[in-house]
Amino acid sequence: MAAVPLSYYLVLSGILFFCGVLGFLIKRNIITIFMSIELMLNGVNLSFVAFAAQWHSLNGQVFVFFVMVVAAAEAAVGLAIIIAVYRTRETLNVDQVNLLKL
Amino acid sequence: MTLTSYLWLVPLFPLAGAAINGFFGRRLPKQAISAIALLFCGLAFGMALLLAAGFSSASAPYSCDLAHWIRSGTFQVDFSFYLDQLSLVMLLVVTGVGFLIHIYSIGYMWDDESYYRFMAYLNLFMFFMLTLVLAKNYLVMFIGWEGVGLASYLLIGFWFTKDSAASAGKKAFIVNRIGDFGFLIALFLIIQHFGSLDFTTVFNAVTPLAKETSGAGFLTAIGLLLMVGAAGKSAQIPLYVWLPDAMEGPTPVSALIHAATMVTAGVYMVARSHVIFERAPEALTVVAVIGTLTAFFAATIGIAQTDIKKVLAYSTVSQLGYMFMACGVGAFSAGIFHLMTHAFFKGLLFLAAGSVIHGVGGEQDMRKMGGLRVYMPWTCATMGIATLAIAGIPPLAGFWSKDEILWQAFNVSWVYWIIGVITAFITSFYMFRLMYMTFGGDVYRGATSPSGHGIDDHGHSTGHGDGHGHDPHESPWVMLGPLVILAVLSIVGGLVGIGNHFEHFLAPVFQGPAVEAATEGASEAGKSGLEYLLMAVSVSVAGLGWFLAYLLYSRSPQLPARIATSLGGLYRAVVHKYYIDEIYAALFVKPLIEGSTAILWHGVDQGVIDASVNESAHAARELSDNVRHMQSGNLRSYAGWVAAGGAVVIAYMVWMGVTH
């Protein structure tokens, strides 16, 4: 079975990351933004494992585990913050969560 | 010689007094303050007397090294004191007159609310003055020199809530600073050429040097710069302007600092540096000319003053001029002799004037006095003695010292002598004028004056109802005592000069050309006839001044006004002190203020320093105003900036990758 070329993985990873960026910039719902971040992280993860497979190095895979751990923690904290924000502000629109603005 | 090893205690006693009164005086009763001030000043005086008892003209100079101060390579300066015949004379004058004035101050300043501050300042002054007099090198002398300037500033501006007193203090300090500048440069020159500031070392190095007769060299430069310093401290032309203004201070201060001791520091310094001056004839000539001119010039101003203390102030400037004249003709011991007698009679004159001012409730204008001999006989008698002494009537103190100076001046040039004799005439005139205006006549002209709150307002403004009525009254004995003692000294103080005793006592210090010249003149029997002739001339001139003053101010008091109007412009010029203050203001003060305002203030300070700070702040504000809009609080715009930044970094890396 012919190996899938590295560039395919990278292009896919780039597309995922770009989707994440775009979603982050465009969307107003804080949960969608949160999901976009996860999307970006996964895009990066994909390029890590692709490189790891290409160069037969475990470093990339170890990185991915770390990213996943951090992402899980982030999800826990982030979702907790989102719930707290919703309880006080009764909205999930980030444009309205701007109390720190001068 | 166990006593001399405690020499350093002499200046330290008054310092201790100043510290105790200065730090704790606020909480002490006035009796305790007086006791402390008198005790420490008296200890210094007693010590000086003990030192004098064991000291003769044959005694070797004694020096006392306290501690090392500056050590830099071969250059070193120590805290050390020095006692020879010259410093002993100064020591006795300063502690003796100072002690009497301390006693007097108790009476004079008793009602003042800052009594403790006054006493602390007086003791502080004594400390610095004794340091100046006992210094063994120029730097320790300079400490005292600056210190007495500080004490003088503090005491002139003692009533600092009064605007004129505060600015008079500043004026004294600033004018003195000009002189100190010259003194400092002289010290730098001495260090450069001799590598030391120690009197003995420097003078030993100077002694073998030749006289700078053919051309002016560095000794002349040092001498002239030292004279600049002396002119500042001792109020000589052109720096004398601060002394008349210094009369804003309390009268005991005028007596102690601005008549008897501090202003003579310049004479002492020139006399101390006589080794340098003797080898710089041109500098010495400058000293003599400045002294002679000042003596004459200040005396003429004294004629037309109506403020009793201002007359005495100009008289002091004039008498200091005599001392410099003496130094300038090489008669250093005559100068020191006059310094001593002047300390007695001028101190007495000021204290008596203070007694008068005290008695008439703060008035200083002589036109509002008159007839006071009835009210205050003791003051009148003692002041009369001092007037006779300063006028040069034999056998009082001033006669001996002034005549010695005039005789020595005549030996050098008759021009000095002529001006000196004319000055003696004017001195006699204005002093007797003061006497007649103050004590003479039958009418007390101040009685109708509604206000007793004159210029020298020392607490009488509050205490006027209780006991200080409108009639003049004699001062208490605590004030009259010093007057009487000083009057005795003014009578007998000159007798030490008979047979050149004083000069012989100082001979170990001034041995060299000065003494040679003096003995040349005095020993030749043929010339002594001439000396008696000159003596007769100066005495008759003094008598003439007295007679003229009697004529104008006692016989026909309406005459002076008529003379004044007929003289017109000249009289106005004299009344306004020849407009010297105005000329200085136009020549130096105004250009300085305007130049500083236009260039330094508006130009450099506002234009460059302030502007650069303000402009940089303004630029930062402009810049950050633009950047501020990035901080919108909008989460997605932040993300956009992050993404854009990331894009820029990636683009940069790609670009770099391509070019490599």
# chains A, B, ... in the order shown; residues from 1 in each chain; ligands from 1

$ interface_residues --of "chain B" --to "chain A" --cutoff "9 Å" --atoms "only C-alpha atoms" --output "PyMOL selection string"
chain B and resi 631-637+639-640+643

$ write_last_selection --atoms "C-alpha atoms" --output "PDB file, in the first residue's frame"
ATOM      1  CA  GLN B 631      -7.339  47.507  22.867  1.00  0.00           C
ATOM      2  CA  SER B 632     -10.977  47.427  21.859  1.00  0.00           C
ATOM      3  CA  GLY B 633     -12.081  44.812  24.365  1.00  0.00           C
ATOM      4  CA  ASN B 634     -13.416  42.904  21.390  1.00  0.00           C
ATOM      5  CA  LEU B 635     -12.168  39.348  21.688  1.00  0.00           C
ATOM      6  CA  ARG B 636     -12.305  38.656  17.974  1.00  0.00           C
ATOM      7  CA  SER B 637     -10.351  41.739  17.049  1.00  0.00           C
ATOM      8  CA  ALA B 639      -7.691  37.219  17.743  1.00  0.00           C
ATOM      9  CA  GLY B 640      -7.474  38.976  14.420  1.00  0.00           C
ATOM     10  CA  ALA B 643      -3.617  35.918  13.461  1.00  0.00           C
TER      11      ALA B 643
END

$ select_by_dssp --residues "stretch 39-128 of chain B" --states "alpha helix (DSSP H)" --output "ChimeraX atom specification"
/B:39-53,85-109,115-128

$ write_last_selection --atoms "C-alpha atoms" --output "JSON list (two decimals), in the first residue's frame"
[["chain", "number", "residue", "atom", "x", "y", "z"],
["B", 39, "LEU", "CA", 29.09, 79.01, 80.46],
["B", 40, "PHE", "CA", 30.49, 77.60, 77.23],
["B", 41, "CYS", "CA", 31.49, 80.97, 75.87],
["B", 42, "GLY", "CA", 33.05, 81.82, 79.22],
["B", 43, "LEU", "CA", 34.94, 78.51, 79.29],
["B", 44, "ALA", "CA", 36.47, 79.38, 75.93],
["B", 45, "PHE", "CA", 37.37, 82.83, 77.22],
["B", 46, "GLY", "CA", 38.85, 81.45, 80.41],
["B", 47, "MET", "CA", 40.86, 78.94, 78.44],
["B", 48, "ALA", "CA", 42.12, 81.73, 76.19],
["B", 49, "LEU", "CA", 43.18, 83.73, 79.24],
["B", 50, "LEU", "CA", 45.03, 80.72, 80.68],
["B", 51, "LEU", "CA", 46.74, 80.16, 77.35],
["B", 52, "ALA", "CA", 47.71, 83.82, 77.19],
["B", 53, "ALA", "CA", 49.15, 83.69, 80.69],
["B", 85, "GLN", "CA", 51.24, 85.28, 68.96],
["B", 86, "LEU", "CA", 48.95, 86.37, 66.12],
["B", 87, "SER", "CA", 46.28, 83.75, 66.74],
["B", 88, "LEU", "CA", 46.55, 84.42, 70.48],
["B", 89, "VAL", "CA", 45.69, 88.09, 69.97],
["B", 90, "MET", "CA", 42.76, 87.13, 67.77],
["B", 91, "LEU", "CA", 41.72, 84.45, 70.23],
["B", 92, "LEU", "CA", 41.61, 86.93, 73.10],
["B", 93, "VAL", "CA", 39.73, 89.52, 71.08],
["B", 94, "VAL", "CA", 37.17, 87.04, 69.80],
["B", 95, "THR", "CA", 36.50, 85.27, 73.08],
["B", 96, "GLY", "CA", 36.72, 88.42, 75.21],
["B", 97, "VAL", "CA", 34.52, 90.70, 73.13],
["B", 98, "GLY", "CA", 32.33, 87.72, 72.28],
["B", 99, "PHE", "CA", 31.80, 86.92, 75.96],
["B", 100, "LEU", "CA", 30.83, 90.50, 76.75],
["B", 101, "ILE", "CA", 28.39, 90.57, 73.87],
["B", 102, "HIS", "CA", 26.88, 87.29, 75.06],
["B", 103, "ILE", "CA", 26.17, 88.94, 78.40],
["B", 104, "TYR", "CA", 24.73, 91.99, 76.67],
["B", 105, "SER", "CA", 22.52, 89.82, 74.45],
["B", 106, "ILE", "CA", 20.79, 88.37, 77.47],
["B", 107, "GLY", "CA", 19.37, 91.77, 78.23],
["B", 108, "TYR", "CA", 18.82, 92.83, 74.67],
["B", 109, "MET", "CA", 17.13, 89.70, 73.37],
["B", 115, "TYR", "CA", 15.69, 83.63, 72.40],
["B", 116, "TYR", "CA", 17.16, 80.12, 72.42],
["B", 117, "ARG", "CA", 17.74, 80.24, 68.66],
["B", 118, "PHE", "CA", 19.64, 83.49, 69.00],
["B", 119, "MET", "CA", 21.88, 82.15, 71.73],
["B", 120, "ALA", "CA", 22.53, 78.94, 69.80],
["B", 121, "TYR", "CA", 23.50, 80.93, 66.70],
["B", 122, "LEU", "CA", 25.81, 83.16, 68.72],
["B", 123, "ASN", "CA", 27.61, 80.15, 70.16],
["B", 124, "LEU", "CA", 27.77, 78.58, 66.71],
["B", 125, "PHE", "CA", 29.37, 81.73, 65.41],
["B", 126, "MET", "CA", 31.94, 81.61, 68.19],
["B", 127, "PHE", "CA", 32.82, 78.04, 67.24],
["B", 128, "PHE", "CA", 33.41, 78.89, 63.59]]
